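Colleague: Quick one: the structure is below, and I'll ask about it shortly.
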Amino acid sequence: MADKQEYRMAELAERAGITVRTLRFYRERGLLAPPRREGRIAWYDDHHLARLRTIAALLERGHTLSGIAELAEALDHGRDVADLLGVAPPTEEEPVRLTPEELAARFEGEVTPENLAAALDLGYLGTDGDEIVHISRRLLDVSSALVREGIPLAEVLSAGARVRQHADALADLFTDLIVRHGPEENLHRLRPLARSVVEAELSLALDRRVRERKEGEQGED
DNA sequence: ATTCTTACA
DNA sequence: TGTAAGGA
């Protein structure tokens, strides 16, 4: 499907259904990776073409160029965030496929058999042939960030398990509340509200902890 | 002559 | 975003 073909500006623009000027415009906005330069000529490949198609699709959906620019960064770090925005509303979590090597690289030295088993048990990880699938890019990113901060992966995983319990309880609460007072279809529509409530409350709760700790310091000194 | 960039509208 | 002008 995707050959190792390369295109010059005009050809790429034509295939993407835009003008050369627009192509340059996108590049200036950081929406497109720099092309391979061969002296005077700029060579683009299928990655660029795919990106342009993505941009076009997002524009169709009413996204602004600057909004897309923000997402472009995420696109460069993650894999296929493209359809995450419109094509996959059932869940906002995108699975990530990665090789065992890539996984090991993300959690330097922490990918022990024990941790692997724990992650599999939690359902964070699954396997698909030789590849490993993480259920959520966000969770993957966060956990590797925490490990990078010096927190042992084993503890990150057990914390994840506890968060899972609370999340289930919250989901039960909202589901019950919504379904008890309206059609079940509301579940999908009101989902963002549930998310907002939890996010806001967590924010406030963290604020309280910060405040309590500060007062504690002053009292002790 | 061709391919791309710069600058201006 | 189009286009004219100019560098390589």
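Chain labels run A, B, ... following the order of the structure tokens; each chain numbers its residues from 1, and ligands are numbered from 1 in the order shown.
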When you look at DT5 (chain B) with a cut-off of 10 Å (counting only C-alpha atoms (C1' of nucleotides)), what residues show up, excluding the ones that are within fewer than 3 positions of it in the same chain? I need them as a list of chain:residue names.

Modeller: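 Residues near the query, excluding close chain neighbours: A:Arg24, C:DG6, C:DG7.
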
Colleague: Show me, as a list in words, the residues of chain A whose atoms get within 9 Å of chain C, using only C-alpha atoms (C1' of nucleotides) for the distance check.

Modeller: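 Within 9 Å of chain C on chain A, we get Thr19, Arg21, Thr22, Phe25 and Arg40 of chain A.
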
Colleague: For region 110-125 of chain A, work out the shell of residues within 6 Å, counting only C-alpha atoms (C1' of nucleotides) and skipping chain neighbours fewer than 3 positions away, then give it as a PyMOL selection string.

Modeller: chain A and resi 104+107+133-135+154

Colleague: Between A:Arg162, A:Arg180, A:Arg8, A:Arg27, which one has atoms that come closest to chain B, using only C-alpha atoms (C1' of nucleotides)?

Modeller: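 The shortest atom-to-atom distance to chain B comes from A:Arg8.
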
Colleague: Quote the spacing between CA of Glu73 (chain A) and CA of Arg51 (chain A) in Å to one decimal place.

Modeller: 11.7 Å

Colleague: So the first atom is CA of Asp176 (chain A) and the second is CA of Val163 (chain A); what is the distance between them in Å, to one decimal place?

Modeller: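 Computing the Euclidean distance for CA of Asp176 (chain A) and CA of Val163 (chain A) yields 19.8 Å.
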
Colleague: Neighbours of Leu139 (chain A) within 10 Å (only C-alpha atoms (C1' of nucleotides); same-chain residues fewer than 6 positions away dropped), as a PDB file with N, CA and C atoms, in the first residue's frame?

Modeller:
```pdb
ATOM      1  N   GLU A  93      -9.639   6.269  24.311  1.00  0.00           N
ATOM      2  CA  GLU A  93      -8.316   5.683  24.502  1.00  0.00           C
ATOM      3  C   GLU A  93      -7.876   4.915  23.273  1.00  0.00           C
ATOM      4  N   GLU A  94      -6.682   5.226  22.836  1.00  0.00           N
ATOM      5  CA  GLU A  94      -6.169   4.571  21.655  1.00  0.00           C
ATOM      6  C   GLU A  94      -5.140   3.517  22.026  1.00  0.00           C
ATOM      7  N   PRO A  95      -5.329   2.328  21.518  1.00  0.00           N
ATOM      8  CA  PRO A  95      -4.344   1.272  21.764  1.00  0.00           C
ATOM      9  C   PRO A  95      -3.042   1.603  21.051  1.00  0.00           C
ATOM     10  N   TYR A 124      -3.554  -3.872  30.984  1.00  0.00           N
ATOM     11  CA  TYR A 124      -2.846  -2.780  30.321  1.00  0.00           C
ATOM     12  C   TYR A 124      -2.220  -3.289  29.035  1.00  0.00           C
ATOM     13  N   ALA A 145       6.356   8.105  32.006  1.00  0.00           N
ATOM     14  CA  ALA A 145       6.810   9.381  32.573  1.00  0.00           C
ATOM     15  C   ALA A 145       7.078   9.232  34.069  1.00  0.00           C
ATOM     16  N   GLY A 160      -1.929   1.919  39.607  1.00  0.00           N
ATOM     17  CA  GLY A 160      -2.878   1.830  38.507  1.00  0.00           C
ATOM     18  C   GLY A 160      -4.049   0.918  38.861  1.00  0.00           C
TER      19      GLY A 160
END
```

Colleague: Expressed in Å to a single decimal, how great is the separation between CA of Ala167 (chain A) and CA of Arg209 (chain A)?

Modeller: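 So the answer is 20.0 Å.
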
Colleague: For each of A:Ile68, A:Ile41, A:Ala105, A:Leu23, take the minimum atom-to-atom distance to DT3 (chain B), counting only C-alpha atoms (C1' of nucleotides), then give the residue where this is smallest.

Modeller: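 That would be A:Ile41, the residue with the smallest distance to DT3 (chain B).
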
Colleague: Can you pull out the residues contacting region 187-192 of chain A? Cut-off 12 Å, using only C-alpha atoms (C1' of nucleotides), and skip same-chain residues under 3 positions away; I want them as a PDB file with N, CA, C and O atoms, in the first residue's frame.

Modeller:
```pdb
ATOM      1  N   PRO A  89     -15.261   7.371  18.366  1.00  0.00           N
ATOM      2  CA  PRO A  89     -15.879   7.967  19.549  1.00  0.00           C
ATOM      3  C   PRO A  89     -16.172   6.980  20.684  1.00  0.00           C
ATOM      4  O   PRO A  89     -16.248   7.398  21.806  1.00  0.00           O
ATOM      5  N   PRO A  90     -16.330   5.671  20.433  1.00  0.00           N
ATOM      6  CA  PRO A  90     -16.679   4.763  21.530  1.00  0.00           C
ATOM      7  C   PRO A  90     -15.757   4.916  22.730  1.00  0.00           C
ATOM      8  O   PRO A  90     -16.203   4.979  23.854  1.00  0.00           O
ATOM      9  N   THR A  91     -14.482   5.005  22.482  1.00  0.00           N
ATOM     10  CA  THR A  91     -13.557   5.232  23.585  1.00  0.00           C
ATOM     11  C   THR A  91     -12.548   6.247  23.138  1.00  0.00           C
ATOM     12  O   THR A  91     -12.179   6.316  21.984  1.00  0.00           O
ATOM     13  N   GLU A  92     -12.106   7.067  24.064  1.00  0.00           N
ATOM     14  CA  GLU A  92     -11.110   8.055  23.699  1.00  0.00           C
ATOM     15  C   GLU A  92      -9.709   7.492  23.824  1.00  0.00           C
ATOM     16  O   GLU A  92      -8.740   8.150  23.511  1.00  0.00           O
ATOM     17  N   LEU A 170     -16.634   5.083  40.259  1.00  0.00           N
ATOM     18  CA  LEU A 170     -17.160   6.329  39.702  1.00  0.00           C
ATOM     19  C   LEU A 170     -18.036   6.050  38.483  1.00  0.00           C
ATOM     20  O   LEU A 170     -19.110   6.637  38.325  1.00  0.00           O
ATOM     21  N   ALA A 171     -17.573   5.140  37.630  1.00  0.00           N
ATOM     22  CA  ALA A 171     -18.345   4.803  36.434  1.00  0.00           C
ATOM     23  C   ALA A 171     -19.692   4.206  36.831  1.00  0.00           C
ATOM     24  O   ALA A 171     -20.725   4.526  36.232  1.00  0.00           O
ATOM     25  N   ASP A 172     -19.685   3.376  37.848  1.00  0.00           N
ATOM     26  CA  ASP A 172     -20.940   2.806  38.341  1.00  0.00           C
ATOM     27  C   ASP A 172     -21.876   3.905  38.811  1.00  0.00           C
ATOM     28  O   ASP A 172     -23.064   3.906  38.501  1.00  0.00           O
ATOM     29  N   LEU A 173     -21.304   4.829  39.547  1.00  0.00           N
ATOM     30  CA  LEU A 173     -22.105   5.929  40.086  1.00  0.00           C
ATOM     31  C   LEU A 173     -22.788   6.718  38.981  1.00  0.00           C
ATOM     32  O   LEU A 173     -24.001   6.953  39.011  1.00  0.00           O
ATOM     33  N   PHE A 174     -22.007   7.099  37.993  1.00  0.00           N
ATOM     34  CA  PHE A 174     -22.565   7.903  36.903  1.00  0.00           C
ATOM     35  C   PHE A 174     -23.564   7.111  36.077  1.00  0.00           C
ATOM     36  O   PHE A 174     -24.631   7.613  35.713  1.00  0.00           O
ATOM     37  N   THR A 175     -23.204   5.886  35.773  1.00  0.00           N
ATOM     38  CA  THR A 175     -24.092   5.058  34.974  1.00  0.00           C
ATOM     39  C   THR A 175     -25.448   4.907  35.653  1.00  0.00           C
ATOM     40  O   THR A 175     -26.501   5.097  35.040  1.00  0.00           O
ATOM     41  N   ASP A 176     -25.391   4.612  36.923  1.00  0.00           N
ATOM     42  CA  ASP A 176     -26.623   4.448  37.683  1.00  0.00           C
ATOM     43  C   ASP A 176     -27.432   5.740  37.686  1.00  0.00           C
ATOM     44  O   ASP A 176     -28.626   5.748  37.412  1.00  0.00           O
ATOM     45  N   LEU A 177     -26.751   6.834  37.975  1.00  0.00           N
ATOM     46  CA  LEU A 177     -27.413   8.135  38.046  1.00  0.00           C
ATOM     47  C   LEU A 177     -28.114   8.489  36.739  1.00  0.00           C
ATOM     48  O   LEU A 177     -29.269   8.920  36.723  1.00  0.00           O
ATOM     49  N   ILE A 178     -27.396   8.307  35.649  1.00  0.00           N
ATOM     50  CA  ILE A 178     -27.928   8.698  34.339  1.00  0.00           C
ATOM     51  C   ILE A 178     -29.033   7.769  33.870  1.00  0.00           C
ATOM     52  O   ILE A 178     -30.090   8.201  33.410  1.00  0.00           O
ATOM     53  N   VAL A 179     -28.795   6.500  34.004  1.00  0.00           N
ATOM     54  CA  VAL A 179     -29.769   5.524  33.520  1.00  0.00           C
ATOM     55  C   VAL A 179     -31.060   5.560  34.343  1.00  0.00           C
ATOM     56  O   VAL A 179     -32.147   5.293  33.842  1.00  0.00           O
ATOM     57  N   ARG A 180     -30.931   5.923  35.604  1.00  0.00           N
ATOM     58  CA  ARG A 180     -32.100   5.944  36.482  1.00  0.00           C
ATOM     59  C   ARG A 180     -33.036   7.101  36.138  1.00  0.00           C
ATOM     60  O   ARG A 180     -34.197   7.108  36.491  1.00  0.00           O
ATOM     61  N   HIS A 181     -32.494   8.131  35.456  1.00  0.00           N
ATOM     62  CA  HIS A 181     -33.321   9.307  35.181  1.00  0.00           C
ATOM     63  C   HIS A 181     -33.515   9.593  33.705  1.00  0.00           C
ATOM     64  O   HIS A 181     -33.925  10.690  33.334  1.00  0.00           O
ATOM     65  N   GLY A 182     -33.179   8.661  32.854  1.00  0.00           N
ATOM     66  CA  GLY A 182     -33.370   8.918  31.437  1.00  0.00           C
ATOM     67  C   GLY A 182     -33.031   7.692  30.627  1.00  0.00           C
ATOM     68  O   GLY A 182     -32.659   6.653  31.175  1.00  0.00           O
ATOM     69  N   PRO A 183     -33.177   7.827  29.311  1.00  0.00           N
ATOM     70  CA  PRO A 183     -32.880   6.699  28.419  1.00  0.00           C
ATOM     71  C   PRO A 183     -31.394   6.342  28.465  1.00  0.00           C
ATOM     72  O   PRO A 183     -30.544   7.197  28.713  1.00  0.00           O
ATOM     73  N   GLU A 184     -31.121   5.115  28.196  1.00  0.00           N
ATOM     74  CA  GLU A 184     -29.745   4.629  28.278  1.00  0.00           C
ATOM     75  C   GLU A 184     -28.843   5.314  27.255  1.00  0.00           C
ATOM     76  O   GLU A 184     -27.642   5.394  27.437  1.00  0.00           O
ATOM     77  N   ARG A 195     -16.766  12.893  32.913  1.00  0.00           N
ATOM     78  CA  ARG A 195     -15.321  13.104  32.894  1.00  0.00           C
ATOM     79  C   ARG A 195     -14.948  14.435  33.524  1.00  0.00           C
ATOM     80  O   ARG A 195     -13.996  14.541  34.284  1.00  0.00           O
ATOM     81  N   SER A 196     -15.718  15.474  33.189  1.00  0.00           N
ATOM     82  CA  SER A 196     -15.416  16.803  33.705  1.00  0.00           C
ATOM     83  C   SER A 196     -15.534  16.852  35.219  1.00  0.00           C
ATOM     84  O   SER A 196     -14.715  17.455  35.899  1.00  0.00           O
ATOM     85  N   VAL A 197     -16.575  16.231  35.723  1.00  0.00           N
ATOM     86  CA  VAL A 197     -16.774  16.235  37.172  1.00  0.00           C
ATOM     87  C   VAL A 197     -15.579  15.606  37.878  1.00  0.00           C
ATOM     88  O   VAL A 197     -15.035  16.160  38.834  1.00  0.00           O
ATOM     89  N   VAL A 198     -15.164  14.468  37.393  1.00  0.00           N
ATOM     90  CA  VAL A 198     -14.060  13.772  38.036  1.00  0.00           C
ATOM     91  C   VAL A 198     -12.772  14.589  37.923  1.00  0.00           C
ATOM     92  O   VAL A 198     -12.012  14.712  38.878  1.00  0.00           O
ATOM     93  N   GLU A 199     -12.583  15.164  36.763  1.00  0.00           N
ATOM     94  CA  GLU A 199     -11.377  15.961  36.569  1.00  0.00           C
ATOM     95  C   GLU A 199     -11.361  17.154  37.513  1.00  0.00           C
ATOM     96  O   GLU A 199     -10.356  17.449  38.156  1.00  0.00           O
TER      97      GLU A 199
END
```
